[in-house]
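S.K.: structure-v1.tsv is reproduced below (TSV, C-alpha atoms).
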```tsv
chain	number	residue	atom	x	y	z
M	1341	MET	CA	-91.71	106.50	-62.53
M	1342	PRO	CA	-94.07	103.53	-63.15
M	1343	PHE	CA	-93.99	101.47	-66.31
M	1344	VAL	CA	-95.62	98.20	-67.27
M	1345	THR	CA	-94.41	95.95	-70.08
M	1346	ASN	CA	-97.11	94.43	-72.27
M	1347	ARG	CA	-96.44	92.36	-75.44
M	1348	GLY	CA	-92.83	93.57	-75.30
M	1349	GLN	CA	-93.70	97.30	-75.20
M	1350	ARG	CA	-93.14	99.60	-72.23
M	1351	ILE	CA	-96.20	101.61	-71.24
M	1352	HIS	CA	-95.76	104.58	-68.90
M	1353	PHE	CA	-98.42	105.72	-66.46
M	1354	THR	CA	-98.81	108.02	-63.47
M	1355	VAL	CA	-100.73	107.36	-60.26
M	1356	ASP	CA	-102.29	109.80	-57.78
M	1357	GLY	CA	-104.71	109.48	-54.88
M	1358	THR	CA	-106.35	106.52	-53.17
M	1359	GLY	CA	-109.68	104.81	-53.49
M	1360	PRO	CA	-111.50	103.07	-56.34
M	1361	LEU	CA	-109.40	103.05	-59.49
M	1362	VAL	CA	-110.07	105.54	-62.29
M	1363	VAL	CA	-108.07	105.18	-65.51
M	1364	LEU	CA	-107.75	108.18	-67.84
M	1365	GLN	CA	-106.71	107.54	-71.43
M	1366	HIS	CA	-105.76	110.57	-73.55
M	1367	GLY	CA	-106.37	111.38	-77.19
M	1368	LEU	CA	-104.06	111.50	-80.19
M	1369	LEU	CA	-101.08	113.89	-79.78
M	1370	MET	CA	-101.77	114.31	-76.05
M	1371	ASP	CA	-100.21	112.44	-73.14
M	1372	ALA	CA	-100.79	111.37	-69.55
M	1373	GLY	CA	-99.79	114.80	-68.26
M	1374	SER	CA	-102.65	116.40	-70.17
M	1375	TRP	CA	-105.08	115.17	-67.53
M	1376	ARG	CA	-103.13	116.85	-64.74
M	1377	ASP	CA	-102.77	120.10	-66.67
M	1378	SER	CA	-106.51	120.21	-67.38
M	1379	GLY	CA	-107.49	119.72	-63.74
M	1380	PHE	CA	-108.97	116.23	-63.96
M	1381	VAL	CA	-106.38	114.59	-61.72
M	1382	GLY	CA	-106.70	117.22	-59.01
M	1383	ALA	CA	-110.48	116.98	-59.07
M	1384	LEU	CA	-110.55	113.18	-58.78
M	1385	ALA	CA	-107.54	112.21	-56.65
M	1386	ASP	CA	-109.18	113.06	-53.31
M	1387	ARG	CA	-111.79	110.34	-53.90
M	1388	PHE	CA	-110.17	107.94	-56.37
M	1389	ARG	CA	-106.86	106.39	-57.27
M	1390	VAL	CA	-106.21	108.01	-60.64
M	1391	ALA	CA	-103.99	106.35	-63.25
M	1392	CYS	CA	-103.14	108.32	-66.41
M	1393	ILE	CA	-101.64	106.24	-69.21
M	1394	ASP	CA	-99.28	107.34	-71.97
M	1395	SER	CA	-100.62	105.54	-75.03
M	1396	LEU	CA	-98.17	103.54	-77.12
M	1397	GLY	CA	-96.52	106.03	-79.45
M	1398	HIS	CA	-96.95	108.92	-77.01
M	1399	GLY	CA	-95.36	110.47	-73.93
M	1400	LEU	CA	-92.81	108.25	-72.21
M	1401	SER	CA	-94.22	105.00	-73.59
M	1402	ASP	CA	-92.44	103.14	-76.37
M	1403	LYS	CA	-92.92	104.47	-79.91
M	1404	PRO	CA	-92.50	101.55	-82.32
M	1405	SER	CA	-93.16	102.01	-86.03
M	1406	ASP	CA	-94.78	98.60	-86.68
M	1407	PRO	CA	-98.51	99.23	-87.38
M	1408	GLU	CA	-99.44	95.78	-86.07
M	1409	LEU	CA	-98.51	96.90	-82.55
M	1410	TYR	CA	-101.24	99.56	-82.61
M	1411	ASP	CA	-104.10	97.12	-83.22
M	1412	GLU	CA	-107.15	97.75	-81.01
M	1413	ARG	CA	-106.81	94.45	-79.15
M	1414	HIS	CA	-103.20	95.24	-78.22
M	1415	ARG	CA	-104.07	98.77	-77.14
M	1416	ALA	CA	-106.89	97.50	-74.95
M	1417	GLY	CA	-104.42	95.06	-73.44
M	1418	ASP	CA	-102.11	97.95	-72.54
M	1419	ILE	CA	-104.85	99.51	-70.41
M	1420	VAL	CA	-105.66	96.20	-68.76
M	1421	ALA	CA	-101.95	95.66	-68.05
M	1422	VAL	CA	-101.93	98.90	-66.05
M	1423	ILE	CA	-105.05	97.81	-64.13
M	1424	ASP	CA	-103.26	94.52	-63.38
M	1425	ALA	CA	-100.09	96.33	-62.30
M	1426	LEU	CA	-102.13	98.29	-59.79
M	1427	GLY	CA	-103.62	95.10	-58.40
M	1428	ARG	CA	-107.23	95.81	-59.30
M	1429	ALA	CA	-109.96	93.61	-60.68
M	1430	ARG	CA	-111.85	96.49	-62.31
M	1431	ALA	CA	-111.62	100.20	-62.98
M	1432	HIS	CA	-113.67	103.19	-64.00
M	1433	LEU	CA	-112.37	104.16	-67.45
M	1434	LEU	CA	-112.50	107.54	-69.20
M	1435	GLY	CA	-111.16	107.66	-72.74
M	1436	TYR	CA	-111.12	110.79	-74.87
M	1437	SER	CA	-110.93	110.85	-78.69
M	1438	MET	CA	-108.36	108.16	-79.55
M	1439	GLY	CA	-108.62	107.19	-75.90
M	1440	GLY	CA	-112.36	106.73	-76.38
M	1441	TRP	CA	-111.63	104.34	-79.23
M	1442	MET	CA	-109.23	102.45	-76.95
M	1443	ALA	CA	-111.78	102.43	-74.14
M	1444	VAL	CA	-114.40	100.85	-76.38
M	1445	ALA	CA	-111.82	98.19	-77.24
M	1446	VAL	CA	-111.42	97.43	-73.53
M	1447	ALA	CA	-115.20	97.06	-73.31
M	1448	LYS	CA	-115.07	94.75	-76.34
M	1449	TYR	CA	-112.26	92.44	-75.26
M	1450	HIS	CA	-112.20	92.81	-71.46
M	1451	PRO	CA	-115.69	93.89	-70.30
M	1452	GLN	CA	-115.27	92.21	-66.94
M	1453	ARG	CA	-112.49	94.69	-66.07
M	1454	LEU	CA	-114.75	97.77	-66.23
M	1455	SER	CA	-116.96	99.27	-63.54
M	1456	THR	CA	-118.02	102.22	-65.68
M	1457	LEU	CA	-117.09	103.70	-69.05
M	1458	VAL	CA	-116.96	107.32	-70.19
M	1459	ILE	CA	-116.52	107.85	-73.94
M	1460	GLY	CA	-115.46	111.42	-74.62
M	1461	GLY	CA	-115.02	113.07	-78.01
M	1462	TRP	CA	-115.40	109.82	-79.91
M	1463	ASP	CA	-118.09	108.37	-82.17
M	1464	PRO	CA	-117.98	104.57	-81.72
M	1465	VAL	CA	-120.24	104.05	-84.73
M	1466	ASN	CA	-118.65	106.29	-87.37
M	1467	GLY	CA	-115.18	106.95	-85.96
M	1468	LEU	CA	-113.29	110.02	-87.15
M	1469	PRO	CA	-115.48	112.74	-88.69
M	1470	ALA	CA	-115.12	113.12	-92.44
M	1471	GLY	CA	-113.64	116.24	-93.96
M	1472	PRO	CA	-115.16	118.27	-96.81
M	1473	ASN	CA	-113.59	115.88	-99.31
M	1474	GLY	CA	-114.41	112.64	-97.55
M	1475	PRO	CA	-112.45	110.53	-95.00
M	1476	VAL	CA	-109.48	112.33	-93.49
M	1477	SER	CA	-106.03	110.79	-93.98
M	1478	PHE	CA	-103.03	111.25	-91.71
M	1479	ASP	CA	-100.98	113.83	-93.60
M	1480	PRO	CA	-103.82	116.37	-94.02
M	1481	PHE	CA	-104.74	115.78	-90.39
M	1482	MET	CA	-101.23	116.64	-89.24
M	1483	ILE	CA	-101.14	119.77	-91.40
M	1484	PHE	CA	-104.40	120.88	-89.80
M	1485	ALA	CA	-103.16	120.00	-86.30
M	1486	ARG	CA	-99.89	121.91	-86.73
M	1487	ARG	CA	-101.87	124.95	-87.81
M	1488	THR	CA	-104.62	124.86	-85.19
M	1489	ALA	CA	-102.92	123.22	-82.17
M	1490	PRO	CA	-99.15	123.65	-82.62
M	1491	ALA	CA	-98.41	122.95	-78.94
M	1492	LEU	CA	-99.65	119.39	-79.44
M	1493	THR	CA	-97.46	118.64	-82.44
M	1494	THR	CA	-93.98	119.93	-81.62
M	1495	TRP	CA	-92.92	116.54	-80.23
M	1496	VAL	CA	-93.81	114.71	-83.47
M	1497	THR	CA	-90.33	114.41	-84.97
M	1498	PRO	CA	-89.49	112.28	-88.02
M	1499	GLU	CA	-88.30	109.51	-85.67
M	1500	VAL	CA	-91.66	109.11	-83.89
M	1501	LYS	CA	-93.97	110.09	-86.73
M	1502	PRO	CA	-94.43	106.50	-88.02
M	1503	GLY	CA	-95.85	105.49	-84.65
M	1504	VAL	CA	-98.22	108.46	-84.59
M	1505	ARG	CA	-99.32	107.59	-88.12
M	1506	ALA	CA	-100.00	104.02	-87.00
M	1507	CYS	CA	-102.07	105.33	-84.07
M	1508	PHE	CA	-104.15	107.42	-86.44
M	1509	GLN	CA	-104.70	104.68	-88.97
M	1510	ALA	CA	-105.63	102.09	-86.34
M	1511	MET	CA	-108.64	104.16	-85.31
M	1512	SER	CA	-110.43	102.99	-88.45
M	1513	GLN	CA	-111.01	99.68	-86.64
M	1514	LEU	CA	-114.69	99.97	-85.65
M	1515	GLU	CA	-116.06	96.47	-86.19
M	1516	GLY	CA	-118.24	95.45	-83.27
M	1517	ALA	CA	-118.04	98.80	-81.49
M	1518	TYR	CA	-121.78	99.51	-81.67
M	1519	GLU	CA	-122.65	96.01	-80.51
M	1520	THR	CA	-120.15	96.31	-77.66
M	1521	ILE	CA	-121.69	99.53	-76.37
M	1522	MET	CA	-125.24	98.24	-76.66
M	1523	ALA	CA	-124.39	95.03	-74.80
M	1524	ALA	CA	-122.48	96.74	-71.96
M	1525	ARG	CA	-123.48	95.57	-68.48
M	1526	PHE	CA	-121.87	98.56	-66.79
M	1527	PRO	CA	-122.91	102.24	-66.88
M	1528	VAL	CA	-121.80	104.15	-69.98
M	1529	LEU	CA	-121.65	107.95	-70.30
M	1530	PHE	CA	-121.04	109.90	-73.50
M	1531	TRP	CA	-119.33	113.31	-73.31
M	1532	GLN	CA	-118.76	115.93	-76.01
M	1533	GLY	CA	-117.91	119.61	-76.21
M	1534	ARG	CA	-120.65	121.69	-77.81
M	1535	GLY	CA	-118.16	123.03	-80.36
M	1536	ASP	CA	-117.16	119.53	-81.46
M	1537	THR	CA	-118.44	118.57	-84.90
M	1538	GLY	CA	-119.72	115.29	-83.45
M	1539	HIS	CA	-121.66	116.83	-80.54
M	1540	ASP	CA	-125.19	116.81	-81.92
M	1541	ARG	CA	-124.81	113.42	-83.57
M	1542	MET	CA	-123.58	111.77	-80.37
M	1543	GLN	CA	-126.20	113.54	-78.24
M	1544	THR	CA	-128.86	112.09	-80.51
M	1545	PHE	CA	-127.23	108.65	-80.43
M	1546	ALA	CA	-127.16	108.69	-76.63
M	1547	ALA	CA	-130.79	109.80	-76.37
M	1548	LEU	CA	-132.06	107.20	-78.84
M	1549	ASN	CA	-130.24	104.38	-77.06
M	1550	GLY	CA	-130.88	105.39	-73.46
M	1551	PHE	CA	-127.38	106.52	-72.49
M	1552	PRO	CA	-126.64	109.62	-70.38
M	1553	PHE	CA	-124.93	112.43	-72.24
M	1554	LEU	CA	-122.70	115.18	-70.84
M	1555	SER	CA	-122.46	118.38	-72.87
M	1556	SER	CA	-119.70	120.85	-72.05
M	1557	THR	CA	-118.14	123.98	-73.49
M	1558	GLY	CA	-115.33	123.92	-76.05
M	1559	ASP	CA	-114.44	122.31	-79.34
M	1560	HIS	CA	-112.81	118.90	-79.70
M	1561	VAL	CA	-109.51	120.01	-78.16
M	1562	ALA	CA	-110.67	122.65	-75.69
M	1563	ALA	CA	-113.35	120.42	-74.18
M	1564	VAL	CA	-110.66	118.15	-72.70
M	1565	LEU	CA	-107.66	120.46	-72.32
M	1566	ARG	CA	-109.64	123.43	-70.96
M	1567	PRO	CA	-112.73	121.76	-69.52
M	1568	ASP	CA	-115.44	123.70	-67.77
M	1569	ALA	CA	-116.32	122.88	-64.17
M	1570	GLY	CA	-119.44	121.08	-65.29
M	1571	ALA	CA	-117.51	118.54	-67.32
M	1572	ILE	CA	-115.22	117.52	-64.48
M	1573	THR	CA	-118.00	117.58	-61.89
M	1574	GLY	CA	-120.31	115.58	-64.13
M	1575	ILE	CA	-117.74	112.86	-64.76
M	1576	ARG	CA	-116.81	112.66	-61.09
M	1577	SER	CA	-120.49	112.38	-60.14
M	1578	PHE	CA	-120.96	109.62	-62.70
M	1579	PHE	CA	-118.11	107.61	-61.20
M	1580	GLU	CA	-119.34	108.22	-57.65
M	1581	SER	CA	-122.93	107.23	-58.38
M	1582	SER	CA	-122.01	103.99	-60.10
M	1583	ALA	CA	-121.06	100.71	-58.50
M	1584	PRO	CA	-117.59	101.18	-56.93
M	1585	ALA	CA	-114.54	99.51	-58.39
M	1586	ALA	CA	-112.24	97.39	-56.23
M	1587	VAL	CA	-110.54	99.35	-53.47
M	1588	ASP	CA	-106.88	99.33	-52.52
M	1589	ARG	CA	-105.61	95.97	-51.34
```
With the file now loaded, output its structure as structure tokens.

M.R.:
Amino acid sequence: MPFVTNRGQRIHFTVDGTGPLVVLQHGLLMDAGSWRDSGFVGALADRFRVACIDSLGHGLSDKPSDPELYDERHRAGDIVAVIDALGRARAHLLGYSMGGWMAVAVAKYHPQRLSTLVIGGWDPVNGLPAGPNGPVSFDPFMIFARRTAPALTTWVTPEVKPGVRACFQAMSQLEGAYETIMAARFPVLFWQGRGDTGHDRMQTFAALNGFPFLSSTGDHVAAVLRPDAGAITGIRSFFESSAPAAVDR
């Protein structure tokens, strides 16, 4: 069971397949296994080496309570540490929701480590969508999540909840995200489910700024956990058509 230690924290990841490296980074309340359950790993592992990372605070990775450990620069470093552990210079990176926020941080602090970037279910300009009463805070978010997606919340016990809270609150760090995306020297794809509240806004953003956009079925959760064939095929095609990452050494 592979782990890498970065800034004193153990980060768990899984590896399947051979070929250019693809890194999949999950969203809040999900874990590395979500990508296997949804079919992404099976669809990519015949062509790529696929690494799925348990974010700090999730899965089998450490779950510290100190908010400083969830800073965007540190989280980007966790992804790069996995790329290093696998002996690669670069990787294709797909981040969804919180993972999309983390992926943008990799592009911000370590752009030379990316071959391509897919930002799924995440608005790098505005961050989390506002609720009817303004910005959403952690406690109302968890109440909503327990009601609408209980399978994703059963593991959030009082012992690990401070880490999950820190994950949520860290996503407010957006400074420089727009500039990072606009300055990217590698291909960038945006992906959203049509039932996601951010779909139309991000489709417009992509069109206005010349980025490809992948629209799939499902709301924010279903788009990634129950993806349609077009979503997986479109992402695979994007990786295949872009400049290849370093191959196995």

S.K.: Find, counting all atoms listed in the file, the residue in M:Val1362, M:Leu1454, M:Ala1491, M:Ala1510 that gets nearest to M:Leu1409.

M.R.: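 Looking at the shortest contact to M:Leu1409, the residue is M:Ala1510.
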
S.K.: Restricting the calculation to all atoms listed in the file: of M:Val1344, M:Met1482, M:Ala1523, M:Val1458, which residue gets closest to M:Ala1571?

M.R.: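 The closest residue to M:Ala1571 is M:Val1458.
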
S.K.: Between M:Leu1514, M:Arg1505, M:Gly1461, M:Ser1405, which residue has the minimum interatomic distance to M:Ser1555, considering all atoms listed in the file?

M.R.: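 Closest candidate: M:Gly1461.
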
S.K.: Just to confirm, what's the straight-line distance from atom CA of M:Ile1459 to atom CA of M:Leu1369 in Å (one decimal)?

M.R.: 17.6 Å

S.K.: Please indicate the distance in Å from atom CA of M:Asp1371 to atom CA of M:Ala1445, rounded to one decimal place.

M.R.: 18.8 Å

S.K.: Sorted by chain and rising residue number, which residues of stretch 1388-1464 of chain M lie within 12 Å of stretch 1353-1361 of chain M, and what are their closest atom pairs and distances in Å to one decimal, counting all atoms listed in the file, as JSON lines?

M.R.:
```
{"residue": "M:Phe1388", "atom": "CA", "partner": "M:Gly1359", "partner_atom": "CA", "distance": 4.3}
{"residue": "M:Arg1389", "atom": "CA", "partner": "M:Thr1358", "partner_atom": "CA", "distance": 4.1}
{"residue": "M:Val1390", "atom": "CA", "partner": "M:Asp1356", "partner_atom": "CA", "distance": 5.2}
{"residue": "M:Ala1391", "atom": "CA", "partner": "M:Val1355", "partner_atom": "CA", "distance": 4.5}
{"residue": "M:Cys1392", "atom": "CA", "partner": "M:Thr1354", "partner_atom": "CA", "distance": 5.2}
{"residue": "M:Ile1393", "atom": "CA", "partner": "M:Phe1353", "partner_atom": "CA", "distance": 4.3}
{"residue": "M:Asp1394", "atom": "CA", "partner": "M:Phe1353", "partner_atom": "CA", "distance": 5.8}
{"residue": "M:Ser1395", "atom": "CA", "partner": "M:Phe1353", "partner_atom": "CA", "distance": 8.8}
{"residue": "M:Leu1396", "atom": "CA", "partner": "M:Phe1353", "partner_atom": "CA", "distance": 10.9}
{"residue": "M:His1398", "atom": "CA", "partner": "M:Phe1353", "partner_atom": "CA", "distance": 11.1}
{"residue": "M:Gly1399", "atom": "CA", "partner": "M:Phe1353", "partner_atom": "CA", "distance": 9.4}
{"residue": "M:Leu1400", "atom": "CA", "partner": "M:Phe1353", "partner_atom": "CA", "distance": 8.4}
{"residue": "M:Ser1401", "atom": "CA", "partner": "M:Phe1353", "partner_atom": "CA", "distance": 8.3}
{"residue": "M:Asp1402", "atom": "CA", "partner": "M:Phe1353", "partner_atom": "CA", "distance": 11.9}
{"residue": "M:Asp1418", "atom": "CA", "partner": "M:Phe1353", "partner_atom": "CA", "distance": 10.5}
{"residue": "M:Ile1419", "atom": "CA", "partner": "M:Phe1353", "partner_atom": "CA", "distance": 9.8}
{"residue": "M:Ala1421", "atom": "CA", "partner": "M:Phe1353", "partner_atom": "CA", "distance": 10.8}
{"residue": "M:Val1422", "atom": "CA", "partner": "M:Phe1353", "partner_atom": "CA", "distance": 7.7}
{"residue": "M:Ile1423", "atom": "CA", "partner": "M:Leu1361", "partner_atom": "CA", "distance": 8.2}
{"residue": "M:Asp1424", "atom": "CA", "partner": "M:Leu1361", "partner_atom": "CA", "distance": 11.2}
{"residue": "M:Ala1425", "atom": "CA", "partner": "M:Phe1353", "partner_atom": "CA", "distance": 10.4}
{"residue": "M:Leu1426", "atom": "CA", "partner": "M:Leu1361", "partner_atom": "CA", "distance": 8.7}
{"residue": "M:Gly1427", "atom": "CA", "partner": "M:Leu1361", "partner_atom": "CA", "distance": 9.9}
{"residue": "M:Arg1428", "atom": "CA", "partner": "M:Leu1361", "partner_atom": "CA", "distance": 7.6}
{"residue": "M:Ala1429", "atom": "CA", "partner": "M:Leu1361", "partner_atom": "CA", "distance": 9.5}
{"residue": "M:Arg1430", "atom": "CA", "partner": "M:Leu1361", "partner_atom": "CA", "distance": 7.5}
{"residue": "M:Ala1431", "atom": "CA", "partner": "M:Leu1361", "partner_atom": "CA", "distance": 5.0}
{"residue": "M:His1432", "atom": "CA", "partner": "M:Leu1361", "partner_atom": "CA", "distance": 6.2}
{"residue": "M:Leu1433", "atom": "CA", "partner": "M:Leu1361", "partner_atom": "CA", "distance": 8.6}
{"residue": "M:Leu1434", "atom": "CA", "partner": "M:Leu1361", "partner_atom": "CA", "distance": 11.1}
{"residue": "M:Arg1453", "atom": "CA", "partner": "M:Leu1361", "partner_atom": "CA", "distance": 11.1}
{"residue": "M:Leu1454", "atom": "CA", "partner": "M:Leu1361", "partner_atom": "CA", "distance": 10.1}
{"residue": "M:Ser1455", "atom": "CA", "partner": "M:Leu1361", "partner_atom": "CA", "distance": 9.4}
{"residue": "M:Thr1456", "atom": "CA", "partner": "M:Leu1361", "partner_atom": "CA", "distance": 10.6}
```

S.K.: Expressed in Å to a single decimal, how great is the separation between atom CA of M:Phe1551 and atom CA of M:Gln1513?

M.R.: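 Separation between atom CA of M:Phe1551 and atom CA of M:Gln1513: 22.7 Å.
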
S.K.: Do a neighbour search on M:Asp1536 at 12 Å with all atoms listed in the file, toss out local chain neighbours closer than 4 positions, and write the hits as a list in words.

M.R.: Ser1437, Gly1460, Gly1461, Trp1462, Asp1463, Leu1468, Pro1469, Trp1531, Gln1532, Asp1540, Arg1541, Met1542, Gln1543, Ser1555, Ser1556, Thr1557, Gly1558, Asp1559, His1560, Val1561, Ala1562, Ala1563 and Val1564 of chain M
